[in-house]
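Novice: This is structure35.cif (mmCIF, C-alpha atoms).
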data_upload
#
loop_
_atom_site.label_atom_id
_atom_site.label_comp_id
_atom_site.auth_asym_id
_atom_site.auth_seq_id
_atom_site.Cartn_x
_atom_site.Cartn_y
_atom_site.Cartn_z
CA MET A 1151 18.19 -7.59 -29.81
CA ARG A 1152 21.68 -7.72 -28.31
CA ARG A 1153 23.42 -11.07 -27.95
CA VAL A 1154 25.33 -12.38 -24.98
CA ARG A 1155 27.49 -15.51 -25.07
CA CYS A 1156 27.78 -17.47 -21.82
CA PRO A 1157 31.46 -17.58 -20.82
CA ARG A 1158 30.98 -21.08 -19.33
CA CYS A 1159 28.93 -23.08 -21.83
CA GLY A 1160 28.85 -20.84 -24.90
CA ARG A 1161 25.03 -20.63 -25.10
CA ILE A 1162 23.83 -17.44 -26.78
CA HIS A 1163 21.09 -15.34 -25.18
CA GLU A 1164 19.20 -12.38 -26.61
CA ILE A 1165 18.60 -9.25 -24.55
CA PRO A 1166 15.80 -6.88 -25.66
CA PRO A 1167 17.06 -3.38 -26.57
CA ASN A 1168 14.68 -1.71 -24.10
CA HIS A 1169 15.87 -3.78 -21.14
CA PRO A 1170 16.15 -1.48 -18.07
CA ASP A 1171 19.52 -0.62 -16.57
CA GLY A 1172 20.89 -2.59 -13.62
CA ARG A 1173 22.04 -6.10 -12.81
CA PHE A 1174 19.76 -9.01 -13.59
CA PHE A 1175 19.85 -12.79 -13.64
CA LEU A 1176 19.45 -14.80 -16.77
CA PRO A 1177 19.13 -18.56 -16.33
CA CYS A 1178 21.56 -20.40 -18.62
CA GLY A 1179 22.57 -24.02 -17.97
CA GLU A 1180 21.18 -26.55 -15.50
CA ASP A 1181 23.67 -25.47 -12.85
CA HIS A 1182 24.45 -21.85 -13.65
CA ASP A 1183 22.92 -18.45 -14.36
CA LEU A 1184 24.35 -15.34 -15.95
CA VAL A 1185 24.55 -12.10 -14.03
CA ILE A 1186 24.35 -9.31 -16.59
CA TRP A 1187 25.00 -5.66 -15.94
CA VAL A 1188 23.23 -3.24 -18.30
CA ASP A 1189 24.17 0.42 -17.99
CA GLY A 1190 23.08 3.23 -20.28
CA GLY A 1191 21.48 0.65 -22.56
CA MET A 1192 24.84 -1.16 -23.02
CA ILE A 1193 25.88 -4.57 -21.69
CA ARG A 1194 28.81 -3.80 -19.40
CA GLU A 1195 29.53 -7.11 -17.73
CA VAL A 1196 28.57 -10.78 -17.96
CA ASP A 1197 29.37 -13.05 -14.99
CA VAL A 1198 28.54 -16.68 -14.32
CA ALA A 1199 26.90 -17.58 -11.01
CA GLU A 1200 25.83 -20.88 -9.50
CA SER A 1201 22.11 -21.34 -10.18
CA VAL A 1202 19.85 -20.27 -7.34
CA PHE A 1203 17.57 -23.13 -8.23
CA ALA A 1204 20.40 -25.65 -8.21
CA ARG A 1205 21.68 -24.45 -4.84
CA VAL A 1206 18.47 -23.90 -2.87
CA GLY A 1207 15.06 -25.31 -3.59
CA PHE A 1208 11.96 -23.25 -2.88
CA GLU A 1209 8.59 -24.52 -1.78
CA LEU A 1210 5.18 -22.96 -1.33
CA VAL A 1211 3.93 -22.17 2.18
CA PRO A 1212 0.47 -23.77 1.92
CA ASP A 1213 -1.51 -21.39 4.15
CA LYS A 1214 -0.06 -18.31 2.42
CA VAL A 1215 -0.63 -19.33 -1.21
CA ALA A 1216 -4.10 -17.73 -1.30
CA LEU A 1217 -2.49 -14.41 -0.31
CA ALA A 1218 -0.05 -14.22 -3.23
CA PRO A 1219 -0.29 -10.95 -5.22
CA SER A 1220 -3.20 -11.04 -7.65
CA TRP A 1221 -1.06 -10.37 -10.75
CA ILE A 1222 1.26 -13.33 -10.19
CA ASP A 1223 0.55 -16.49 -12.15
CA MET A 1224 0.75 -19.11 -9.41
CA GLU A 1225 0.41 -21.95 -11.90
CA ARG A 1226 3.70 -20.85 -13.44
CA VAL A 1227 5.22 -20.58 -9.95
CA ARG A 1228 4.14 -24.17 -9.22
CA ALA A 1229 5.64 -25.30 -12.53
CA LEU A 1230 8.86 -23.44 -11.71
CA LEU A 1231 9.18 -24.97 -8.27
CA ALA A 1232 8.51 -28.41 -9.71
CA GLY A 1233 11.27 -27.86 -12.28
CA ARG A 1234 8.86 -28.18 -15.19
CA VAL A 1235 9.89 -24.81 -16.69
CA ARG A 1236 13.21 -22.96 -16.78
CA PRO A 1237 13.12 -19.67 -14.85
CA THR A 1238 13.54 -16.33 -16.59
CA SER A 1239 14.86 -13.18 -14.87
CA GLU A 1240 11.21 -12.11 -14.34
CA ASP A 1241 10.57 -15.44 -12.58
CA ILE A 1242 13.52 -14.79 -10.25
CA ASP A 1243 11.97 -11.40 -9.33
CA ILE A 1244 8.64 -13.12 -8.68
CA LEU A 1245 10.28 -15.69 -6.41
CA MET A 1246 12.16 -12.95 -4.55
CA LEU A 1247 8.91 -11.08 -3.96
CA LEU A 1248 7.06 -14.24 -2.88
CA GLU A 1249 9.88 -15.09 -0.49
CA GLU A 1250 9.73 -11.58 1.02
CA LEU A 1251 5.98 -12.00 1.48
CA GLY A 1252 6.37 -15.47 3.02
CA VAL A 1253 4.44 -17.21 0.23
CA VAL A 1254 7.48 -19.35 -0.69
CA ARG A 1255 10.38 -20.39 1.53
CA ARG A 1256 13.73 -22.04 1.01
CA LYS A 1257 13.44 -25.75 1.66
CA SER A 1258 16.26 -25.70 4.18
CA SER A 1259 14.48 -23.05 6.31
CA ALA A 1260 11.30 -25.12 6.52
CA ARG A 1261 12.98 -27.83 8.58
CA MET B 528 -9.60 0.36 2.72
CA TYR B 529 -9.90 4.15 2.83
CA GLY B 530 -10.97 3.84 -0.81
CA LEU B 531 -14.39 2.75 0.47
CA HIS B 532 -15.08 6.37 1.37
CA VAL B 533 -13.91 8.18 -1.75
CA ALA B 534 -16.44 6.93 -4.31
CA GLY B 535 -18.90 9.85 -4.09
CA ILE B 536 -16.42 12.69 -4.11
CA PHE B 537 -16.08 13.43 -7.82
CA ARG B 538 -18.56 13.88 -10.66
CA ARG B 539 -20.88 11.00 -11.45
CA GLU B 540 -19.09 10.20 -14.76
CA VAL B 541 -15.71 10.01 -12.99
CA THR B 542 -17.16 7.62 -10.42
CA ALA B 543 -18.72 5.46 -13.14
CA VAL B 544 -15.45 5.19 -15.11
CA SER B 545 -13.42 4.49 -11.97
CA LEU B 546 -15.83 1.82 -10.73
CA SER B 547 -15.75 0.17 -14.13
CA GLU B 548 -11.93 0.23 -14.30
CA SER B 549 -11.61 -1.33 -10.88
CA GLY B 550 -14.24 -3.99 -11.65
CA LEU B 551 -16.63 -2.84 -8.93
CA THR B 552 -20.26 -1.72 -8.67
CA SER B 553 -21.72 0.81 -6.22
CA SER B 554 -23.61 -1.95 -4.43
CA GLU B 555 -20.40 -3.97 -4.08
CA VAL B 556 -18.70 -0.95 -2.47
CA ALA B 557 -21.63 -0.64 -0.04
CA THR B 558 -21.42 -4.37 0.76
CA ALA B 559 -17.66 -4.09 1.30
CA ASP B 560 -18.20 -1.16 3.65
CA ARG B 561 -20.77 -3.13 5.68
CA GLU B 562 -18.66 -6.29 5.78
CA LEU B 563 -15.46 -4.40 6.71
CA ARG B 564 -17.34 -2.73 9.58
CA ALA B 565 -18.53 -6.12 10.89
CA PHE B 566 -15.04 -7.62 10.48
CA VAL B 567 -13.30 -4.76 12.31
CA SER B 568 -15.84 -4.74 15.17
CA TYR B 569 -15.37 -8.46 15.68
CA TRP B 570 -11.57 -8.58 15.52
CA ALA B 571 -11.10 -5.38 17.52
CA TYR B 572 -13.38 -6.88 20.20
CA ALA B 573 -11.44 -10.21 20.04
CA ALA B 574 -8.06 -8.42 20.37
CA LEU B 575 -9.22 -6.37 23.36
CA SER B 576 -10.87 -9.38 24.99
CA ASP B 577 -7.87 -11.72 24.47
CA SER B 578 -5.42 -9.16 25.87
CA GLY B 579 -7.55 -8.41 28.95
CA MET B 580 -7.96 -4.81 27.80
CA LEU B 581 -11.73 -5.16 27.53
CA ARG B 582 -11.88 -5.57 31.32
CA GLU B 583 -10.01 -2.27 31.68
CA VAL B 584 -12.51 -0.59 29.33
CA GLU B 585 -15.63 -2.03 30.96
CA GLY B 586 -16.99 0.24 33.69
CA ASN B 587 -14.24 2.79 33.08
CA LEU B 588 -14.58 6.43 32.16
CA ARG B 589 -13.76 7.23 28.57
CA ARG B 590 -11.79 10.36 29.42
CA ARG B 591 -9.66 8.37 31.87
CA LEU B 592 -8.94 5.76 29.19
CA ARG B 593 -8.01 8.54 26.76
CA ARG B 594 -5.57 10.02 29.27
CA SER B 595 -3.75 6.72 29.76
CA SER B 596 -3.72 5.72 26.06
CA GLY B 597 -0.65 6.14 23.84
CA ASN B 598 -3.03 6.82 20.92
CA PRO B 599 -6.22 8.52 22.21
CA ASP B 600 -7.60 9.28 18.72
CA LEU B 601 -7.38 5.61 17.77
CA LEU B 602 -8.94 4.68 21.11
CA ASP B 603 -11.90 6.90 20.20
CA ALA B 604 -12.20 5.21 16.81
CA VAL B 605 -12.19 1.75 18.44
CA ILE B 606 -14.70 2.72 21.15
CA GLU B 607 -17.06 4.35 18.65
CA THR B 608 -16.84 1.34 16.33
CA LEU B 609 -17.69 -0.97 19.25
CA ILE B 610 -20.55 1.30 20.35
CA ASP B 611 -21.86 1.28 16.77
CA ALA B 612 -21.74 -2.54 16.79
CA ARG B 613 -23.56 -2.58 20.18
CA VAL B 614 -20.63 -4.26 21.88
CA LEU B 615 -20.33 -1.27 24.22
CA THR B 616 -22.71 1.42 25.34
CA GLN B 617 -21.77 4.72 26.89
CA TYR B 618 -23.67 6.13 29.85
CA ASP B 619 -22.49 9.68 30.54
CA ASP B 620 -18.76 9.03 30.17
CA MET B 621 -18.80 5.44 31.43
CA LEU B 622 -18.38 2.50 29.05
CA ILE B 623 -20.52 -0.57 29.64
CA PHE B 624 -20.07 -3.94 27.95
CA GLU B 625 -23.23 -5.14 26.23
CA SER B 626 -22.59 -8.33 24.26
CA PRO B 627 -19.95 -9.83 21.95
CA PRO B 628 -20.42 -9.15 18.23
CA GLU B 629 -21.43 -11.90 15.86
CA LYS B 630 -18.65 -13.52 13.87
CA PRO B 631 -18.59 -11.67 10.53
CA THR B 632 -19.52 -13.29 7.24
CA ILE B 633 -17.52 -11.95 4.31
CA THR B 634 -19.23 -12.67 1.01
CA LEU B 635 -16.88 -10.78 -1.34
CA GLY B 636 -13.98 -13.00 -2.39
CA TRP B 637 -11.47 -10.16 -2.88
CA LEU B 638 -12.35 -8.65 0.50
CA GLN B 639 -12.03 -12.03 2.18
CA ARG B 640 -8.56 -12.47 0.67
CA ALA B 641 -7.39 -9.01 1.80
CA LEU B 642 -8.80 -9.38 5.30
CA LEU B 643 -7.31 -12.85 5.69
CA ALA B 644 -3.87 -11.28 5.28
CA ILE B 645 -4.69 -8.39 7.65
CA LYS B 646 -6.49 -10.37 10.38
CA GLU B 647 -3.37 -11.48 12.25
CA GLU B 648 -2.22 -7.88 12.64
CA PHE B 649 -5.23 -7.18 14.89
CA SER B 650 -3.42 -8.82 17.81
CA LYS B 651 -1.25 -5.65 17.87
CA LEU B 652 -4.21 -3.37 18.52
CA PRO B 653 -4.01 -3.40 22.37
CA GLU B 654 -0.27 -2.61 22.23
CA ILE B 655 -0.90 0.31 19.85
CA LEU B 656 -3.68 1.64 22.08
CA ARG B 657 -1.46 1.39 25.15
CA ARG B 658 1.94 2.45 23.81
CA GLY B 659 1.04 4.30 20.63
CA SER B 660 3.01 2.01 18.32
CA ALA B 661 3.74 -1.64 17.59
CA SER B 662 6.22 -3.78 15.69
CA ARG B 663 6.39 -3.44 11.91
CA PRO B 664 3.46 -5.09 10.08
CA ALA B 665 3.87 -8.17 7.91
CA LEU B 666 4.63 -7.18 4.31
CA ILE B 667 1.95 -9.53 3.01
CA ALA B 668 -0.69 -7.65 5.04
CA LEU B 669 0.54 -4.26 3.85
CA LEU B 670 0.46 -5.40 0.23
CA ALA B 671 -3.02 -6.90 0.71
CA LEU B 672 -4.24 -3.45 1.77
CA TYR B 673 -3.42 -2.19 -1.74
CA ASP B 674 -3.73 -5.28 -3.94
CA ASN B 675 -7.51 -5.16 -4.12
CA PRO B 676 -10.24 -3.46 -6.20
CA ILE B 677 -10.93 -0.78 -3.56
CA ALA B 678 -7.34 0.48 -3.67
CA ARG B 679 -7.54 0.44 -7.48
CA LEU B 680 -10.78 2.41 -7.29
CA GLU B 681 -9.00 5.01 -5.15
CA ALA B 682 -6.19 5.18 -7.75
CA SER B 683 -8.66 5.50 -10.66
CA LEU B 684 -10.61 8.22 -8.87
CA SER B 685 -7.37 10.13 -8.23
CA ILE B 686 -6.44 9.89 -11.90
CA HIS B 687 -9.80 10.77 -13.46
CA GLY B 688 -11.07 13.04 -10.68
CA PHE B 689 -8.06 15.34 -10.92
CA GLY B 690 -7.77 14.93 -14.71
CA LEU B 691 -4.28 13.42 -14.54
CA GLU B 692 -4.94 11.39 -17.71
CA LYS B 693 -4.90 14.68 -19.66
CA MET B 694 -1.65 15.95 -18.16
CA SER B 695 1.93 15.52 -19.35
CA GLY B 696 5.28 15.97 -17.64
CA THR B 697 6.35 14.54 -14.29
CA ILE B 698 4.21 13.72 -11.27
CA LEU B 699 5.64 13.33 -7.78
CA VAL B 700 3.90 10.66 -5.72
CA PRO B 701 5.45 10.46 -2.25
CA TRP B 702 3.32 7.44 -1.20
CA SER B 703 2.32 4.87 -3.79
CA GLY B 704 0.73 2.16 -1.64
CA MET B 705 3.42 -0.50 -2.17
CA GLY B 706 3.74 0.62 -5.80
CA ILE B 707 0.13 -0.05 -6.81
CA LEU B 708 -0.72 3.66 -7.32
CA ALA B 709 2.48 4.15 -9.34
CA ALA B 710 1.54 1.17 -11.52
CA GLU B 711 -1.96 2.58 -12.13
CA LEU B 712 -0.52 6.00 -13.02
CA ARG B 713 1.94 4.40 -15.45
CA GLU B 714 -0.86 2.44 -17.09
CA LYS B 715 -3.48 5.20 -17.33
CA THR B 716 -1.51 8.41 -17.86
CA LYS B 717 1.33 9.74 -19.98
CA LEU B 718 3.05 11.18 -16.93
CA LYS B 719 6.54 10.27 -15.79
CA VAL B 720 5.99 8.92 -12.27
CA VAL B 721 8.49 9.68 -9.53
CA THR B 722 7.51 7.86 -6.39
CA ALA B 723 9.23 7.25 -3.07
CA ALA B 724 9.41 4.66 -0.36
CA PRO B 725 11.45 4.42 2.82
CA ALA B 726 14.61 2.32 2.41
CA ASN B 727 13.06 -0.78 4.03
CA LEU B 728 10.09 -0.71 1.62
CA ALA B 729 11.71 0.69 -1.54
CA ARG B 730 13.24 -2.68 -2.50
CA ILE B 731 9.81 -4.33 -2.17
CA VAL B 732 8.11 -1.54 -4.16
CA ARG B 733 10.66 -2.06 -6.96
CA LEU B 734 10.05 -5.82 -6.88
CA VAL B 735 6.27 -5.28 -6.98
CA LEU B 736 6.66 -3.04 -10.04
CA ARG B 737 9.14 -5.33 -11.80
CA THR B 738 6.89 -8.35 -11.31
CA MET B 739 4.17 -6.27 -13.03
CA ARG B 740 6.72 -5.69 -15.83
CA ILE B 741 6.94 -2.00 -15.01
CA TYR B 742 10.59 -1.02 -15.02
CA GLU B 743 12.44 2.00 -13.71
CA GLY B 744 13.70 4.20 -16.48
CA ALA B 745 12.59 7.24 -18.42
CA SER B 746 8.98 7.06 -17.25
CA LEU B 747 9.28 5.75 -13.69
CA SER B 748 11.65 6.13 -10.79
CA VAL B 749 11.50 5.06 -7.17
CA VAL B 750 13.40 7.30 -4.77
CA ASN B 751 14.59 5.92 -1.42
CA ALA B 752 13.01 8.39 0.99
CA SER B 753 10.41 8.64 3.71
CA LEU B 754 7.18 10.50 2.96
CA GLU B 755 8.59 13.53 4.78
CA GLU B 756 11.73 13.57 2.64
CA ALA B 757 10.28 12.46 -0.69
CA GLY B 758 9.94 15.88 -2.34
CA LEU B 759 13.35 17.14 -1.33
CA GLU B 760 15.03 13.84 -2.17
CA ALA B 761 13.37 13.71 -5.61
CA LEU B 762 14.71 17.19 -6.26
CA ARG B 763 18.19 16.44 -4.88
CA SER B 764 18.50 13.23 -6.94
CA GLY B 765 17.49 15.09 -10.11
CA GLU B 766 14.56 12.70 -10.77
CA VAL B 767 12.12 15.60 -11.07
CA GLY B 768 14.56 17.97 -12.80
CA GLU B 769 13.95 21.46 -11.48
CA GLY B 770 10.64 20.33 -10.01
CA ALA B 771 7.74 18.04 -10.90
CA ASP B 772 4.75 19.36 -12.88
CA ALA B 773 2.30 18.03 -10.29
CA GLY B 774 2.17 16.18 -7.01
CA LEU B 775 -0.33 13.61 -5.75
CA LEU B 776 -1.07 12.67 -2.15
CA ALA B 777 -3.76 9.99 -2.27
CA ASN B 778 -4.62 8.92 1.27
CA ALA B 779 -0.97 9.41 2.11
CA LEU B 780 -0.96 11.68 5.14
CA GLN B 781 -1.87 8.98 7.67
CA TRP B 782 1.31 7.10 6.72
CA ALA B 783 3.51 10.01 7.81
CA ARG B 784 4.97 10.83 11.20
CA ASP B 785 4.47 14.50 10.39
CA PRO B 786 1.83 15.29 7.71
CA ARG B 787 2.76 19.01 7.70
CA LEU B 788 6.30 18.13 6.72
CA VAL B 789 4.99 15.87 3.94
CA ILE B 790 3.01 18.74 2.42
CA ARG B 791 5.99 21.11 2.67
CA SER B 792 8.44 18.60 1.24
CA THR B 793 6.11 17.63 -1.62
CA ILE B 794 5.57 21.28 -2.55
CA ALA B 795 9.35 21.78 -2.47
CA GLY B 796 9.66 19.00 -5.07
CA LEU B 797 7.26 20.76 -7.49
CA LYS B 798 7.77 23.58 -9.97
CA SER B 799 6.53 26.97 -8.83
CA LYS B 800 2.70 27.08 -9.04
CA ALA B 801 2.50 23.37 -9.97
CA PRO B 802 -0.64 21.78 -8.50
CA LEU B 803 -0.57 19.44 -5.53
CA PHE B 804 -3.59 17.12 -5.69
CA ILE B 805 -4.77 15.79 -2.35
CA LEU B 806 -7.37 13.05 -2.02
CA GLN B 807 -7.72 12.46 1.69
CA THR B 808 -10.12 10.45 3.82
CA ILE B 809 -10.87 12.36 6.98
CA ARG B 810 -11.63 11.21 10.51
CA SER B 811 -15.35 10.51 10.89
CA PRO B 812 -17.57 7.78 12.41
CA ARG B 813 -17.92 6.11 8.98
CA THR B 814 -14.16 5.99 8.37
CA HIS B 815 -13.25 4.52 11.80
CA PRO B 816 -13.11 0.86 10.60
CA ALA B 817 -10.67 1.80 7.80
CA THR B 818 -8.69 3.82 10.36
CA ILE B 819 -8.42 0.80 12.65
CA VAL B 820 -7.24 -1.40 9.77
CA GLY B 821 -4.67 1.24 8.79
CA SER B 822 -3.50 1.60 12.38
CA VAL B 823 -2.73 -2.09 12.89
CA LEU B 824 -0.62 -1.82 9.72
CA GLY B 825 1.37 1.16 10.99
CA ALA B 826 -0.68 4.18 9.87
CA SER B 827 -1.86 7.06 12.04
CA VAL B 828 -5.40 8.27 12.50
CA PRO B 829 -6.26 10.54 9.53
CA PRO B 830 -6.76 14.26 10.14
CA THR B 831 -10.15 15.89 10.59
CA ARG B 832 -11.22 18.37 7.92
CA ASP B 833 -10.34 21.28 10.22
CA GLU B 834 -6.90 19.84 10.94
CA LEU B 835 -6.21 19.38 7.24
CA GLU B 836 -7.31 22.93 6.43
CA GLU B 837 -5.07 24.21 9.21
CA MET B 838 -2.09 22.24 7.83
CA LEU B 839 -2.60 23.70 4.36
CA SER B 840 -2.94 27.24 5.70
CA GLU B 841 0.15 26.86 7.88
CA THR B 842 2.24 25.84 4.89
CA GLY B 843 1.19 29.02 3.08
CA LEU B 844 -0.62 27.24 0.25
CA SER B 845 -3.54 28.52 -1.78
CA TRP B 846 -6.09 25.76 -2.14
CA ARG B 847 -9.61 24.94 -3.16
CA TYR B 848 -11.94 21.97 -2.80
CA VAL B 849 -12.66 19.93 -5.92
CA GLY B 850 -15.02 17.80 -3.88
CA ALA B 851 -15.91 17.14 -0.28
CA THR B 852 -18.11 14.72 1.66
CA ARG B 853 -18.32 14.05 5.40
CA ASP B 854 -15.71 11.32 4.98
CA CYS B 855 -13.31 12.53 2.30
CA VAL B 856 -11.97 15.65 0.60
CA ALA B 857 -10.38 16.32 -2.78
CA ILE B 858 -8.20 19.42 -2.86
CA VAL B 859 -5.98 21.21 -5.37
CA ALA B 860 -3.29 23.29 -3.68
CA THR B 861 -0.49 25.47 -5.05
CA MET B 862 2.21 27.66 -3.67
CA GLY B 863 1.47 31.26 -4.57
CA GLY B 864 -2.06 31.75 -5.88
CA MET B 865 -4.53 29.55 -7.74
#
Step by step, read the file and then write its structure as structure tokens.
Specialist:
Amino acid sequence: MRRVRCPRCGRIHEIPPNHPDGRFFLPCGEDHDLVIWVDGGMIREVDVAESVFARVGFELVPDKVALAPSWIDMERVRALLAGRVRPTSEDIDILMLLEELGVVRRKSSAR
Amino acid sequence: MYGLHVAGIFRREVTAVSLSESGLTSSEVATADRELRAFVSYWAYAALSDSGMLREVEGNLRRRLRRSSGNPDLLDAVIETLIDARVLTQYDDMLIFESPPEKPTITLGWLQRALLAIKEEFSKLPEILRRGSASRPALIALLALYDNPIARLEASLSIHGFGLEKMSGTILVPWSGMGILAAELREKTKLKVVTAAPANLARIVRLVLRTMRIYEGASLSVVNASLEEAGLEALRSGEVGEGADAGLLANALQWARDPRLVIRSTIAGLKSKAPLFILQTIRSPRTHPATIVGSVLGASVPPTRDELEEMLSETGLSWRYVGATRDCVAIVATMGGM
């Protein structure tokens, strides 16, 4: 495991050694996430970004829920949207996919 | 849904393993085929009726309709499906309306879910028949076409039928059905999978794979390229080194603007004499409903067996059948002798 310290709040996060290259989100505090750049297996950059969840809320589109991809745990998605669990970077990917598919939408766009 | 027509193409043991892996039984595949046929007849009829196109068809000559259609092969598939469902009859060349089809009952939960996502796309059918194309399909419908046991059956049959589970090296897969085929190959083989998707779909394919916890790296890469460019782009980007050890086109050709170019480009992305495995549903009365579903989601009508053979010969490939039915063929092709 490699360790990353949040430049804003000092929390320490562990990154698995086999994490794929690229940029990914890591939820940190209530109001911020980390944007981590892994390249060639090394952590190149750690930035702080305003939390997606703090800035925009998501909600399920009721008539599309039944069409969500079969491998996605919709109970966890419901818990995420209700704020009962903290999102991981995998959860952010899931929400991005569900938004692309129209299964979730940003609350502001529903009005 | 083309997977409905591939089950009998390989040896009995391969079919049994593939059915088991995809959680299906032979009778369930037969039920799905029957229910899909009823669904397509009904919604094709509804789309033509709602758009006023049914009035143009009724009492008209089929050859005249073909001449004015932007997609005459699809028009044939629709007319033959409606004749089969006794919505239309044909007297000489004239089409006569008989009666509306009954509303379909779908008993299989997974089929119901997939068709629910696809149903809305049927409203595009008249536009495709008239102009030859329509607006881009909804992503959720395109994913539903592959996120179901039939698409997984097609993937399993490709893997076990061609013996990919015993191979090593790199496989080039120019069309992975929204990533589902790539995911199955990663799970069931030791091969490095290099797949491709056009720029507008590649981001979604990557998201699909990441949400399945399958990450790009040493054993998987997704190249931004159309089907026609996939082989050359995989080579140019270095993802297949000096060429992949095998290529797989599993019901891919109908998603291309130019299937000949797909075959040429895929071969170009392979090592010399590396096998190109082709599992392809062909145009036949039984495959028309799957063709209509594919067409409303942006696919073309699949080739006939003769057309496919001609394509392979034109590209200078040596090839042989591993299996063939009236509705599907399995082929191994190579450049320069078998």
Novice: Please write the residues picked by the PyMOL selection byres ((chain A) within 9 of (chain B)) on this file as a PyMOL selection string.
Specialist: chain A and resi 1169-1171+1214+1216-1222+1240-1241+1243-1244+1246-1247+1250-1253
Novice: Name the residues that the PyMOL selection byres ((chain A and resi 1199) around 12) pulls out of this structure, and write them as a list in words.
Specialist: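 With the shown file as input, the PyMOL selection byres ((chain A and resi 1199) around 12) matches Cys1156, Pro1157, Arg1158, Phe1174, Phe1175, Leu1176, Pro1177, Cys1178, Gly1179, Glu1180, Asp1181, His1182, Asp1183, Leu1184, Val1185, Ile1186, Val1196, Asp1197, Val1198, Glu1200, Ser1201, Val1202, Phe1203, Ala1204 and Arg1205 of chain A.
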Novice: Keeping only C-alpha atoms, write those residues as a PDB file, keeping the file's coordinate frame.
Specialist:
ATOM      1  CA  CYS A1156      27.780 -17.470 -21.820  1.00  0.00           C
ATOM      2  CA  PRO A1157      31.460 -17.580 -20.820  1.00  0.00           C
ATOM      3  CA  ARG A1158      30.980 -21.080 -19.330  1.00  0.00           C
ATOM      4  CA  PHE A1174      19.760  -9.010 -13.590  1.00  0.00           C
ATOM      5  CA  PHE A1175      19.850 -12.790 -13.640  1.00  0.00           C
ATOM      6  CA  LEU A1176      19.450 -14.800 -16.770  1.00  0.00           C
ATOM      7  CA  PRO A1177      19.130 -18.560 -16.330  1.00  0.00           C
ATOM      8  CA  CYS A1178      21.560 -20.400 -18.620  1.00  0.00           C
ATOM      9  CA  GLY A1179      22.570 -24.020 -17.970  1.00  0.00           C
ATOM     10  CA  GLU A1180      21.180 -26.550 -15.500  1.00  0.00           C
ATOM     11  CA  ASP A1181      23.670 -25.470 -12.850  1.00  0.00           C
ATOM     12  CA  HIS A1182      24.450 -21.850 -13.650  1.00  0.00           C
ATOM     13  CA  ASP A1183      22.920 -18.450 -14.360  1.00  0.00           C
ATOM     14  CA  LEU A1184      24.350 -15.340 -15.950  1.00  0.00           C
ATOM     15  CA  VAL A1185      24.550 -12.100 -14.030  1.00  0.00           C
ATOM     16  CA  ILE A1186      24.350  -9.310 -16.590  1.00  0.00           C
ATOM     17  CA  VAL A1196      28.570 -10.780 -17.960  1.00  0.00           C
ATOM     18  CA  ASP A1197      29.370 -13.050 -14.990  1.00  0.00           C
ATOM     19  CA  VAL A1198      28.540 -16.680 -14.320  1.00  0.00           C
ATOM     20  CA  GLU A1200      25.830 -20.880  -9.500  1.00  0.00           C
ATOM     21  CA  SER A1201      22.110 -21.340 -10.180  1.00  0.00           C
ATOM     22  CA  VAL A1202      19.850 -20.270  -7.340  1.00  0.00           C
ATOM     23  CA  PHE A1203      17.570 -23.130  -8.230  1.00  0.00           C
ATOM     24  CA  ALA A1204      20.400 -25.650  -8.210  1.00  0.00           C
ATOM     25  CA  ARG A1205      21.680 -24.450  -4.840  1.00  0.00           C
TER      26      ARG A1205
END
Novice: Tell me which of B:Ser748, B:Ser660, B:Ser549, B:Thr793 sits closest to Ser827 (chain B), counting only C-alpha atoms.
Specialist: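 Of B:Ser748, B:Ser660, B:Ser549, B:Thr793, the one nearest Ser827 (chain B), counting only C-alpha atoms, is B:Ser660.
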Novice: Between CA of Pro1212 (chain A) and CA of Pro631 (chain B), what is the distance in Å, rounded to a tenth?
Specialist: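 A separation of 24.2 Å between them.
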Novice: Taking 5 positions as the minimum chain separation for residues in the same chain, which residues sit within 12 Å of Tyr618 (chain B) when counting only C-alpha atoms? Answer as a PyMOL selection string.
Specialist: chain B and resi 585-589+610+623-625
Novice: So how many Å separate CA of Val544 (chain B) and CA of Leu776 (chain B), to one decimal?
Specialist: 20.8 Å
Novice: What does the distance between CA of Ala826 (chain B) and CA of Ser662 (chain B) come to in Å, to one decimal place?
Specialist: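 CA of Ser662 (chain B) lies at a distance of 12.0 Å from CA of Ala826 (chain B).
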Novice: For Arg791 (chain B), please output as a ChimeraX atom specification all residues within 9 Å (counting all atoms listed in the file; exclusion window: fewer than 5 positions along the same chain).
Specialist: /B:755,758,786,796,842
Novice: With the PyMOL selection byres ((chain B and resi 715) around 9) as the selection, what would be picked from this file? Answer as a ChimeraX atom specification, please.
Specialist: /B:683,686,691-692,710-714,716-718
Novice: Go through B:Gly690, B:Pro653, B:Gly696, B:Gly579 one by one, measure the shortest atom-to-atom distance of each to Lys719 (chain B) using only C-alpha atoms, and give the residue with the smallest value.
Specialist: B:Gly696
Novice: Would you kindly return, as a ChimeraX atom specification, each protein, DNA or RNA residue with an atom no farther than 12 Å from any atom of Arg1152 (chain A), considering only C-alpha atoms and excluding same-chain residues fewer than 4 positions away?
Specialist: /A:1162-1169,1188,1191-1193
